[in-house]
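Next comes my_file-v4.txt, a file with compact mmCIF, C-alpha atoms and all ligand atoms.
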```
# COMPACT_ATOMS: atom_id res chain seq x y z
CA MET N 1 69.14 98.68 104.12
CA ARG N 2 70.42 99.55 100.70
CA THR N 3 69.43 102.01 97.99
CA GLN N 4 70.95 103.77 95.00
CA VAL N 5 70.62 107.39 96.16
CA GLY N 6 70.24 108.24 99.86
CA ILE N 7 68.57 111.63 100.21
CA VAL N 8 68.85 113.58 103.45
CA GLY N 9 66.04 116.14 103.80
CA ALA N 10 62.46 116.27 102.52
CA GLY N 11 62.36 119.95 101.60
CA PRO N 12 61.76 121.00 98.00
CA ALA N 13 65.27 119.88 96.92
CA GLY N 14 65.15 116.37 98.41
CA LEU N 15 61.57 115.65 97.38
CA THR N 16 62.04 116.91 93.82
CA LEU N 17 65.25 114.92 93.41
CA ALA N 18 63.53 111.74 94.58
CA HIS N 19 60.67 112.44 92.16
CA LEU N 20 62.93 113.08 89.14
CA LEU N 21 65.00 109.96 89.87
CA GLN N 22 61.97 107.75 90.32
CA ARG N 23 60.76 108.75 86.86
CA GLU N 24 64.03 107.43 85.44
CA GLY N 25 63.85 104.19 87.38
CA ILE N 26 66.48 105.14 89.96
CA GLU N 27 65.76 104.14 93.56
CA SER N 28 66.13 106.47 96.49
CA VAL N 29 65.26 106.69 100.17
CA VAL N 30 64.35 110.10 101.61
CA LEU N 31 65.09 110.75 105.29
CA GLU N 32 63.57 113.75 107.08
CA ASP N 33 64.10 114.69 110.71
CA ARG N 34 60.83 116.65 111.11
CA SER N 35 57.25 115.39 111.00
CA ARG N 36 55.16 115.38 107.84
CA GLU N 37 52.84 118.01 109.37
CA TYR N 38 55.74 120.31 110.19
CA VAL N 39 57.28 120.07 106.72
CA GLU N 40 53.91 120.65 105.04
CA GLN N 41 53.09 123.71 107.14
CA ARG N 42 56.48 125.45 107.11
CA LEU N 43 55.66 128.74 105.43
CA ARG N 44 58.31 129.94 103.02
CA ALA N 45 58.71 130.85 99.38
CA GLY N 46 56.00 131.57 96.88
CA VAL N 47 57.53 132.72 93.59
CA LEU N 48 58.52 130.21 90.92
CA GLU N 49 60.51 130.99 87.84
CA GLN N 50 58.66 129.81 84.77
CA ALA N 51 61.32 127.18 84.01
CA ILE N 52 60.87 125.71 87.50
CA ALA N 53 57.08 125.66 87.23
CA ASP N 54 57.55 123.95 83.84
CA LEU N 55 59.92 121.39 85.37
CA LEU N 56 57.33 120.43 87.97
CA VAL N 57 54.53 120.23 85.41
CA GLU N 58 56.54 118.30 82.81
CA SER N 59 57.76 115.81 85.43
CA GLY N 60 54.20 115.02 86.46
CA ALA N 61 54.18 116.86 89.81
CA GLY N 62 52.32 119.92 88.61
CA GLU N 63 48.70 118.94 88.36
CA ARG N 64 47.56 121.24 91.17
CA LEU N 65 50.19 123.85 90.28
CA ARG N 66 48.72 124.08 86.78
CA GLY N 67 45.25 124.73 88.16
CA GLU N 68 46.05 126.86 91.22
CA GLY N 69 49.34 128.58 90.33
CA ILE N 70 48.81 132.25 89.53
CA VAL N 71 50.80 133.57 86.58
CA HIS N 72 52.19 137.09 86.99
CA GLU N 73 53.53 139.02 84.02
CA GLY N 74 55.03 141.90 85.97
CA ILE N 75 56.07 143.21 89.37
CA GLU N 76 55.99 146.70 90.81
CA LEU N 77 58.73 148.72 92.46
CA GLN N 78 57.59 151.49 94.80
CA PHE N 79 59.69 154.43 95.95
CA ASP N 80 59.08 158.13 96.64
CA ARG N 81 55.40 157.19 97.05
CA GLU N 82 55.00 156.07 93.47
CA ARG N 83 54.72 152.65 91.85
CA HIS N 84 56.54 151.67 88.69
CA ARG N 85 55.73 148.49 86.83
CA ILE N 86 58.45 146.18 85.51
CA PRO N 87 56.72 144.30 82.68
CA LEU N 88 58.57 141.01 83.08
CA ARG N 89 56.87 139.28 80.19
CA ASP N 90 57.40 142.07 77.66
CA LEU N 91 61.04 142.49 78.66
CA THR N 92 61.98 138.81 78.53
CA GLY N 93 60.43 137.60 75.30
CA GLY N 94 57.35 136.17 76.97
CA ARG N 95 58.49 134.72 80.30
CA SER N 96 56.64 135.16 83.55
CA ILE N 97 56.59 133.90 87.14
CA VAL N 98 54.11 131.64 88.90
CA ILE N 99 52.81 132.25 92.42
CA TYR N 100 52.47 128.90 94.15
CA GLY N 101 53.47 128.26 97.76
CA GLN N 102 56.47 126.13 98.60
CA THR N 103 54.22 124.39 101.11
CA GLU N 104 51.96 123.32 98.25
CA ILE N 105 54.88 121.93 96.21
CA VAL N 106 56.03 119.98 99.25
CA LYS N 107 52.52 118.62 99.87
CA ASP N 108 52.14 117.60 96.21
CA LEU N 109 55.49 115.77 96.15
CA ILE N 110 54.92 113.99 99.48
CA ARG N 111 51.49 112.82 98.36
CA LEU N 112 52.87 111.48 95.05
CA ARG N 113 55.70 109.63 96.75
CA LEU N 114 53.60 108.05 99.46
CA ALA N 115 50.88 107.12 96.97
CA ALA N 116 53.51 105.27 94.93
CA GLY N 117 54.57 103.40 98.09
CA LEU N 118 58.13 104.75 97.86
CA PRO N 119 60.35 105.21 100.92
CA LEU N 120 60.08 108.59 102.66
CA LEU N 121 60.72 108.45 106.40
CA PHE N 122 59.75 111.32 108.70
CA GLU N 123 60.99 111.98 112.22
CA VAL N 124 64.29 110.19 111.80
CA GLY N 125 66.92 111.04 114.43
CA ASP N 126 70.71 111.04 114.89
CA VAL N 127 71.42 111.27 111.17
CA SER N 128 75.07 110.98 110.15
CA VAL N 129 76.76 110.36 106.80
CA ASP N 130 79.84 108.15 106.59
CA ASP N 131 82.44 106.75 104.17
CA LEU N 132 81.81 109.57 101.75
CA GLU N 133 85.08 109.02 99.91
CA SER N 134 84.39 105.33 99.35
CA GLU N 135 82.18 103.67 96.73
CA ARG N 136 79.73 102.67 99.49
CA PRO N 137 78.80 105.80 101.40
CA SER N 138 76.19 105.25 104.10
CA ILE N 139 73.68 107.11 106.23
CA ARG N 140 73.12 106.16 109.86
CA PHE N 141 69.86 107.16 111.49
CA ALA N 142 67.35 106.21 114.14
CA HIS N 143 63.70 105.60 113.31
CA GLU N 144 60.84 104.39 115.50
CA GLY N 145 63.23 103.32 118.23
CA ALA N 146 65.65 101.35 116.04
CA GLU N 147 69.10 102.21 114.64
CA HIS N 148 69.62 101.80 110.88
CA VAL N 149 72.43 102.00 108.35
CA LEU N 150 71.42 102.84 104.78
CA GLU N 151 74.09 101.89 102.25
CA CYS N 152 74.04 103.94 99.06
CA ASP N 153 75.89 104.54 95.81
CA VAL N 154 75.57 108.27 96.35
CA VAL N 155 74.32 110.55 99.14
CA ALA N 156 72.39 113.73 98.28
CA GLY N 157 72.67 116.37 101.01
CA CYS N 158 69.37 118.22 100.65
CA ASP N 159 69.10 119.03 104.35
CA GLY N 160 69.09 122.82 104.22
CA TYR N 161 71.42 125.35 105.76
CA HIS N 162 71.34 123.80 109.27
CA GLY N 163 71.63 120.20 108.13
CA VAL N 164 74.31 117.59 108.91
CA CYS N 165 75.70 116.87 105.43
CA ARG N 166 77.74 120.00 104.79
CA PRO N 167 79.32 119.93 108.28
CA SER N 168 80.34 116.28 107.65
CA ILE N 169 82.80 117.38 104.98
CA PRO N 170 86.28 117.49 106.55
CA ALA N 171 87.72 120.88 107.45
CA GLY N 172 89.75 122.49 104.68
CA VAL N 173 87.78 120.98 101.78
CA LEU N 174 85.16 123.69 101.35
CA SER N 175 85.66 127.35 100.59
CA GLU N 176 82.89 129.39 102.20
CA PHE N 177 81.72 132.87 101.24
CA SER N 178 79.12 134.84 103.17
CA ARG N 179 77.49 138.19 104.02
CA ASP N 180 75.20 138.95 106.92
CA TYR N 181 72.73 141.79 106.66
CA PRO N 182 71.83 144.08 109.55
CA PHE N 183 68.11 143.33 109.25
CA GLY N 184 65.54 140.56 108.89
CA TRP N 185 62.03 140.17 107.48
CA LEU N 186 58.88 139.85 109.51
CA GLY N 187 56.46 137.89 107.33
CA ILE N 188 52.73 137.38 107.72
CA LEU N 189 50.06 135.34 106.02
CA ALA N 190 46.70 137.11 106.19
CA GLU N 191 43.17 136.11 105.36
CA VAL N 192 42.42 138.94 102.95
CA ALA N 193 42.32 139.30 99.17
CA PRO N 194 45.61 140.74 97.86
CA SER N 195 45.29 144.53 97.56
CA ASN N 196 47.24 144.63 94.31
CA ASP N 197 47.24 142.42 91.22
CA GLU N 198 51.03 142.14 91.22
CA LEU N 199 53.82 141.93 93.81
CA VAL N 200 54.97 145.29 95.19
CA TYR N 201 58.58 145.71 96.37
CA ALA N 202 58.54 148.97 98.35
CA HIS N 203 61.49 151.14 99.28
CA HIS N 204 60.58 153.39 102.23
CA GLU N 205 62.48 155.55 104.70
CA ARG N 206 61.11 153.35 107.53
CA GLY N 207 62.45 150.25 105.76
CA PHE N 208 61.51 147.79 103.03
CA ALA N 209 58.06 146.20 102.65
CA LEU N 210 56.74 143.58 100.24
CA LEU N 211 53.20 142.80 99.20
CA SER N 212 52.73 139.29 97.88
CA LEU N 213 50.03 136.64 97.88
CA ARG N 214 49.29 132.95 97.98
CA SER N 215 45.81 132.83 96.48
CA PRO N 216 42.89 135.12 95.61
CA GLU N 217 41.95 134.99 99.32
CA LEU N 218 45.37 135.00 101.01
CA SER N 219 47.91 137.81 101.19
CA ARG N 220 51.56 137.34 102.12
CA LEU N 221 53.36 140.46 103.37
CA TYR N 222 56.81 141.21 104.68
CA ILE N 223 58.42 144.13 106.53
CA GLN N 224 62.07 144.83 107.14
CA CYS N 225 62.82 144.57 110.86
CA ARG N 226 65.83 144.18 113.16
CA PRO N 227 67.51 140.76 112.86
CA ASP N 228 66.97 140.14 116.60
CA GLU N 229 63.42 141.52 116.62
CA ASP N 230 61.13 140.07 119.28
CA LEU N 231 57.99 138.80 117.56
CA ALA N 232 56.06 139.32 120.80
CA GLU N 233 56.47 143.08 120.32
CA TRP N 234 54.68 142.93 116.99
CA HIS N 235 50.99 142.65 117.81
CA ASP N 236 48.72 142.52 114.79
CA ASP N 237 47.69 146.20 114.91
CA ARG N 238 51.29 147.31 114.90
CA ILE N 239 52.07 145.11 111.87
CA TRP N 240 49.18 146.54 109.84
CA GLU N 241 50.06 150.09 110.87
CA GLU N 242 53.64 149.63 109.71
CA LEU N 243 52.56 148.00 106.45
CA GLN N 244 50.12 150.86 105.78
CA LEU N 245 52.91 153.39 106.30
CA ARG N 246 55.39 151.64 104.05
CA LEU N 247 53.07 150.45 101.27
CA GLY N 248 50.41 153.19 101.40
CA LEU N 249 49.90 155.61 98.52
CA ASP N 250 47.55 158.51 97.92
CA GLY N 251 44.27 156.96 96.86
CA TRP N 252 45.28 153.40 97.76
CA THR N 253 45.12 151.56 101.06
CA LEU N 254 46.12 148.09 101.98
CA ALA N 255 43.17 145.87 102.87
CA GLU N 256 43.64 144.26 106.30
CA GLY N 257 42.51 140.87 107.53
CA LEU N 258 43.04 138.17 110.11
CA ILE N 259 46.73 137.32 110.52
CA LEU N 260 47.01 133.53 110.30
CA GLU N 261 50.79 133.20 110.71
CA LYS N 262 53.74 135.38 111.53
CA GLY N 263 57.47 134.77 111.68
CA ILE N 264 60.86 136.41 111.44
CA THR N 265 63.49 135.41 108.89
CA GLY N 266 67.17 136.33 109.07
CA MET N 267 68.98 137.50 105.96
CA ARG N 268 72.22 135.98 104.77
CA SER N 269 74.21 135.31 101.64
CA TYR N 270 76.29 132.13 101.78
CA VAL N 271 77.99 129.79 99.30
CA ALA N 272 80.05 126.65 99.94
CA GLU N 273 82.32 125.44 97.15
CA PRO N 274 82.52 122.82 95.76
CA MET N 275 79.06 121.32 96.18
CA ARG N 276 80.55 117.84 96.29
CA PHE N 277 82.81 115.73 98.46
CA GLY N 278 83.49 112.22 97.16
CA ARG N 279 80.07 110.56 96.81
CA LEU N 280 78.24 113.32 98.73
CA PHE N 281 76.49 115.91 96.56
CA LEU N 282 75.00 119.02 98.19
CA ALA N 283 71.91 120.68 96.72
CA GLY N 284 69.78 123.70 97.62
CA ASP N 285 70.10 125.56 100.92
CA ALA N 286 72.58 122.94 102.16
CA ALA N 287 75.11 124.54 99.82
CA HIS N 288 73.95 128.14 99.43
CA ILE N 289 71.65 130.77 100.90
CA VAL N 290 70.41 134.02 99.38
CA PRO N 291 68.57 136.85 101.10
CA PRO N 292 64.89 136.48 100.06
CA THR N 293 64.62 139.75 98.09
CA GLY N 294 64.47 138.48 94.52
CA ALA N 295 62.81 135.16 95.40
CA LYS N 296 65.67 132.93 94.26
CA GLY N 297 66.23 130.35 97.04
CA LEU N 298 63.61 127.78 96.13
CA ASN N 299 64.31 128.20 92.42
CA LEU N 300 68.03 127.61 92.91
CA ALA N 301 67.34 124.49 94.97
CA LEU N 302 65.28 123.03 92.13
CA HIS N 303 67.80 124.01 89.44
CA ASP N 304 70.44 122.12 91.46
CA VAL N 305 68.45 118.91 91.72
CA ARG N 306 67.47 119.02 88.07
CA LEU N 307 71.19 118.96 87.20
CA LEU N 308 71.93 116.33 89.84
CA ALA N 309 69.17 114.07 88.56
CA GLU N 310 70.43 114.41 84.96
CA ALA N 311 73.99 113.65 86.06
CA LEU N 312 72.93 110.58 88.05
CA VAL N 313 70.81 109.26 85.19
CA SER N 314 73.76 109.61 82.82
CA TRP N 315 76.10 107.91 85.31
CA TYR N 316 73.78 104.94 85.86
CA ARG N 317 72.99 104.58 82.15
CA THR N 318 76.45 105.02 80.62
CA GLY N 319 78.91 104.65 83.48
CA SER N 320 80.34 108.06 82.56
CA SER N 321 80.90 110.40 85.50
CA GLU N 322 81.35 113.45 83.27
CA LEU N 323 78.12 115.18 84.34
CA LEU N 324 78.59 114.28 88.00
CA ASP N 325 82.10 115.68 87.86
CA GLY N 326 80.76 118.87 86.31
CA TYR N 327 77.79 119.15 88.70
CA SER N 328 79.29 121.59 91.17
CA ASP N 329 80.68 123.99 88.58
CA ALA N 330 77.47 123.94 86.57
CA CYS N 331 75.37 124.74 89.66
CA LEU N 332 77.72 127.39 90.96
CA ARG N 333 77.52 129.46 87.79
CA ARG N 334 73.78 129.93 88.38
CA VAL N 335 74.22 130.19 92.15
CA TRP N 336 76.61 133.13 91.86
CA ARG N 337 74.33 134.93 89.39
CA ALA N 338 71.48 134.56 91.90
CA GLU N 339 73.77 135.57 94.78
CA HIS N 340 74.60 138.77 92.97
CA PHE N 341 71.00 139.51 91.99
CA SER N 342 69.67 138.86 95.50
CA TRP N 343 72.39 140.98 97.12
CA TRP N 344 71.72 143.75 94.61
CA MET N 345 67.92 143.73 95.13
CA THR N 346 68.46 143.64 98.89
CA SER N 347 70.94 146.53 98.79
CA MET N 348 68.69 148.65 96.57
CA LEU N 349 65.52 148.23 98.62
CA HIS N 350 66.39 148.03 102.33
CA ARG N 351 67.16 150.78 104.78
CA PHE N 352 70.78 150.73 105.99
CA ASP N 353 71.58 152.79 109.09
CA SER N 354 74.86 154.05 107.79
CA GLY N 355 74.82 157.43 109.53
CA ASP N 356 74.22 159.65 106.51
CA ASP N 357 72.03 159.57 103.43
CA PHE N 358 74.68 158.47 100.94
CA ASP N 359 73.25 154.95 100.60
CA LEU N 360 69.73 156.32 100.40
CA ARG N 361 70.64 158.67 97.55
CA LEU N 362 72.34 155.83 95.66
CA GLN N 363 69.28 153.60 96.14
CA LEU N 364 66.89 156.22 94.82
CA SER N 365 69.12 156.91 91.85
CA GLN N 366 69.30 153.20 91.06
CA LEU N 367 65.54 152.77 91.45
CA ARG N 368 64.90 155.67 89.07
CA TYR N 369 67.34 154.17 86.59
CA VAL N 370 65.87 150.68 86.82
CA THR N 371 62.34 152.00 86.28
CA THR N 372 63.15 154.34 83.39
CA SER N 373 65.93 152.68 81.40
CA SER N 374 64.88 149.73 79.27
CA ALA N 375 68.41 148.29 79.53
CA ALA N 376 68.29 148.38 83.34
CA SER N 377 64.72 147.11 83.68
CA THR N 378 65.43 144.30 81.20
CA SER N 379 68.39 143.24 83.31
CA LEU N 380 66.24 143.11 86.44
CA ALA N 381 63.48 141.27 84.58
CA GLU N 382 65.68 138.56 83.08
CA ASN N 383 67.26 137.84 86.44
CA TYR N 384 63.88 137.81 88.17
CA VAL N 385 62.21 135.38 85.77
CA GLY N 386 65.37 133.25 85.69
CA ILE N 387 68.20 133.15 83.19
CA ASP N 388 68.04 130.22 80.80
CA ARG N 389 71.66 129.50 80.05
CA ILE N 390 74.34 130.57 82.40
P1 LIG N 401 64.91 123.22 103.04
O1 LIG N 401 63.59 123.71 102.58
O2 LIG N 401 65.53 123.90 104.21
O3 LIG N 401 64.76 121.68 103.32
C1 LIG N 401 65.72 120.94 104.05
C2 LIG N 401 65.03 119.79 104.75
O4 LIG N 401 65.99 119.00 105.43
C3 LIG N 401 64.05 120.27 105.81
O5 LIG N 401 62.82 119.62 105.64
C4 LIG N 401 64.73 119.93 107.11
O6 LIG N 401 63.79 119.67 108.15
C5 LIG N 401 65.52 118.69 106.72
N1 LIG N 401 66.66 118.41 107.58
C6 LIG N 401 67.51 119.27 108.18
N2 LIG N 401 68.43 118.60 108.88
C7 LIG N 401 68.17 117.28 108.72
C8 LIG N 401 68.78 116.10 109.22
N3 LIG N 401 69.83 116.16 110.02
N4 LIG N 401 68.26 114.91 108.86
C9 LIG N 401 67.19 114.85 108.03
N5 LIG N 401 66.57 115.94 107.54
C10 LIG N 401 67.06 117.14 107.88
N6 LIG N 401 62.88 131.15 97.73
C11 LIG N 401 62.35 131.44 96.51
O7 LIG N 401 62.82 130.90 95.50
N7 LIG N 401 61.28 132.28 96.36
C12 LIG N 401 60.73 132.91 97.42
O8 LIG N 401 59.73 133.61 97.23
C13 LIG N 401 61.31 132.68 98.72
N8 LIG N 401 60.79 133.27 99.81
C14 LIG N 401 61.23 132.89 101.06
C15 LIG N 401 60.61 133.42 102.14
C16 LIG N 401 61.00 133.04 103.42
C17 LIG N 401 60.29 133.66 104.61
C18 LIG N 401 62.05 132.08 103.59
C19 LIG N 401 62.49 131.64 104.97
C20 LIG N 401 62.68 131.54 102.50
C21 LIG N 401 62.28 131.94 101.23
N9 LIG N 401 62.87 131.39 100.09
C22 LIG N 401 62.38 131.74 98.85
C23 LIG N 401 63.94 130.40 100.20
C24 LIG N 401 63.43 128.96 100.10
O9 LIG N 401 62.39 128.74 101.00
C25 LIG N 401 64.58 127.99 100.36
O10 LIG N 401 65.66 128.33 99.51
C26 LIG N 401 64.15 126.53 100.10
O11 LIG N 401 63.37 126.07 101.18
C27 LIG N 401 65.35 125.59 99.92
O12 LIG N 401 64.93 124.25 99.82
P2 LIG N 401 65.82 123.06 100.32
O13 LIG N 401 65.05 121.83 100.04
O14 LIG N 401 67.19 123.21 99.78
O15 LIG N 401 65.99 123.29 101.88
C1 LIG N 402 57.70 136.10 98.33
C2 LIG N 402 58.92 135.93 98.92
C3 LIG N 402 60.02 136.61 98.40
O1 LIG N 402 61.23 136.44 98.96
C4 LIG N 402 59.87 137.46 97.32
O2 LIG N 402 60.95 138.12 96.85
C5 LIG N 402 58.64 137.60 96.73
C6 LIG N 402 57.54 136.91 97.24
C7 LIG N 402 56.55 135.35 98.88
O3 LIG N 402 56.72 134.64 99.88
O4 LIG N 402 55.44 135.47 98.34
```
Kindly return the structure encoded in the file as structure tokens.
Ligand code: FAD
Ligand code: DHB
Amino acid sequence: MRTQVGIVGAGPAGLTLAHLLQREGIESVVLEDRSREYVEQRLRAGVLEQAIADLLVESGAGERLRGEGIVHEGIELQFDRERHRIPLRDLTGGRSIVIYGQTEIVKDLIRLRLAAGLPLLFEVGDVSVDDLESERPSIRFAHEGAEHVLECDVVAGCDGYHGVCRPSIPAGVLSEFSRDYPFGWLGILAEVAPSNDELVYAHHERGFALLSLRSPELSRLYIQCRPDEDLAEWHDDRIWEELQLRLGLDGWTLAEGLILEKGITGMRSYVAEPMRFGRLFLAGDAAHIVPPTGAKGLNLALHDVRLLAEALVSWYRTGSSELLDGYSDACLRRVWRAEHFSWWMTSMLHRFDSGDDFDLRLQLSQLRYVTTSSAASTSLAENYVGIDRI
């Protein structure tokens, strides 16, 4: 088997890359180790920067997004039992965010690719990448009982944080940077209309909580929990009770409903540099992870593949490797901005058990500043909606 670009992973990064390349007449094969059902149901992100929503629409993958995506022009920060609105649109010269589930993006892209009859293989096994420093890198994999070797010009490692591409880079090549946080998020999807028109990021002495949504009928909510929390100890009543405590306000209660899904997510910051080794290019979570506060992970993944697609198009068209050579540095500038923003939002909003109230006092001071100073709220807003040039 032979293709131009071999893509490992059919998450948002791999599928979007394949889509952008196909529009420019560049062939790719996408290999995914999970089933189509699993990938389409895996509940994750929901907040798109406007530039990313625009990318999907302009590239022809946004038909449903345009109709069903919900535009939000602000978010709310809650602390000391009060809510404060950050008017994203007013503070950023008209930019907003779009609420549209990652699962829906993945479904849209899979449908487009399969409808076009283009190669996207699910449930592949034993994936390995070889000869990365040569001009003919290859991907070995098993599919439907047979072993295959896919020869490529370039391999795109879009296989997430636990994938095989990054670990295939020889020791000593990558510099790695990371932070672990002493908490996780317990997330639920509930069959109930969102209780607020905009997202609420709540600071509370019992820990952080977040009110979000997926549609006019579906709420998405998160609570800070221990990183090793046992989901079995969180029966539905306990989840709602905790959410009421952390999000509740005088005169406002959270509407409850049937919990359709629940899961626990760890929190980590991680960056691997450079995002390239020979003919292997890493994109998305394969190269970097942010804690979810700030909603940057999915957006970063799509910014990466936009740049990678542009660089590959230029290379195939002109023979110049200038953009490919600059790919890692160009991505990492945005990645580090998002790393900082996500770490900062996480630090400002979560409860740290540090023994005294020093951190708590700093958090409250910062929250007051961010919600009263136009300089500080503008900084939050421009990072949240996504910085144009970085
Ligand atoms: P992934 O989505 O991880 O995709 C990688 C794919 O590769 C997967 O399909 C995987 O099965 C496949 N794979 C792995 N190993 C192999 C292999 N060996 N062979 C073949 N395939 C392989 N981000 C935001 O921007 N906004 C948010 O609101 C937000 N909220 C989040 C909430 C939660 C609860 C979580 C967990 C994450 C959230 N994120 C958010 C982060 C976002 O979901 C990720 O950053 C995003 O999924 C990254 O996409 P990706 O394609 O790089 O990686
Ligand atoms: C959602 C996830 C986030 O990480 C965030 O900051 C905001 C919203 C969500 O899943 O809706």
Which residues form the shell of 7 Å around ligand LIG 401 (chain N) when you count only C-alpha atoms and all ligand atoms, given as a ChimeraX atom specification?
/N:8-14,31-34,39,43-48,102,124-125,127,158-164,187,265,283-286,289,292,295-301
So, with only C-alpha atoms and all ligand atoms as the atoms that count, which of N:Gly101, N:Pro274, N:Gly67, N:Pro216 lies closest to ligand LIG 402 (chain N)?
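Of the candidates, the smallest distance to ligand LIG 402 (chain N) is held by N:Gly101.
In this model, the gap between atom O2 of ligand LIG 402 (chain N) and atom CA of N:Arg95 comes to 17.1 Å.
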Show which residues sit within 9 Å of N:Gln50, as a tab-separated table (two decimals) with C-alpha atoms, in the coordinates of the input. Count only C-alpha atoms, and ignore same-chain residues fewer than 5 positions away.
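Written out: part_27.tsv:
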```tsv
chain	number	residue	atom	x	y	z
N	55	LEU	CA	59.92	121.39	85.37
N	71	VAL	CA	50.80	133.57	86.58
N	95	ARG	CA	58.49	134.72	80.30
N	96	SER	CA	56.64	135.16	83.55
N	97	ILE	CA	56.59	133.90	87.14
N	98	VAL	CA	54.11	131.64	88.90
N	385	VAL	CA	62.21	135.38	85.77
N	386	GLY	CA	65.37	133.25	85.69
```
Stretch 17-19 of chain N surroundings by only C-alpha atoms, 7 Å radius, close-in-sequence under 4 positions cut, as a list in words:
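Skipping anything fewer than 4 positions along the chain leaves Ala13, Arg23, Ser28, Val305 and Ala309 of chain N.
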Within 12 Å of N:Arg64, counting all atoms listed in the file, which residues show up once you throw out same-chain ones fewer than 3 positions away? Write them as a list in words, please.
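Close residues of N:Arg64: Ala53, Leu56, Val57, Gly60, Ala61, Gly67, Glu68, Gly69, Ile70, Tyr100, Gly101, Glu104, Ile105, Val106, Lys107, Asp108, Leu109, Arg111 and Leu112 of chain N.
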Please measure the separation of atom CA of N:Ala156 and atom CA of N:Ile7, giving the value in Å to one decimal.
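Between these atoms lies a distance of 4.8 Å.
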Which residue gives the smallest distance to N:Glu82 among N:Ala51, N:Ala171, N:Leu65, N:Ala202, with all atoms listed in the file counted?
N:Ala202
Each side padded by 8 Å, which centre and which edge lengths in Å (one decimal) define the axis-aligned box around the listed atoms of stretch 348-362 of chain N? Give them as AutoDock Vina command-line options.
```
--center_x 70.2 --center_y 153.8 --center_z 102.6 --size_x 25.3 --size_y 27.6 --size_z 29.9
```
Length of the atom CA of N:Glu310 to atom CA of N:Leu15 vector [Å]:
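One can read the atom CA of N:Glu310 to atom CA of N:Leu15 distance as 15.3 Å.
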Got a sec: who's within 6 Å of N:Pro291, counting all atoms listed in the file, leaving out chain neighbours fewer than 6 positions off, as a list of chain:residue names?
N:Met267, N:Arg268, N:Ser269
Of the candidates N:Lys262, N:Arg306, N:Arg334, N:Arg214, which shows the shortest atom-to-atom distance to ligand LIG 402 (chain N), using only C-alpha atoms and all ligand atoms?
N:Arg214
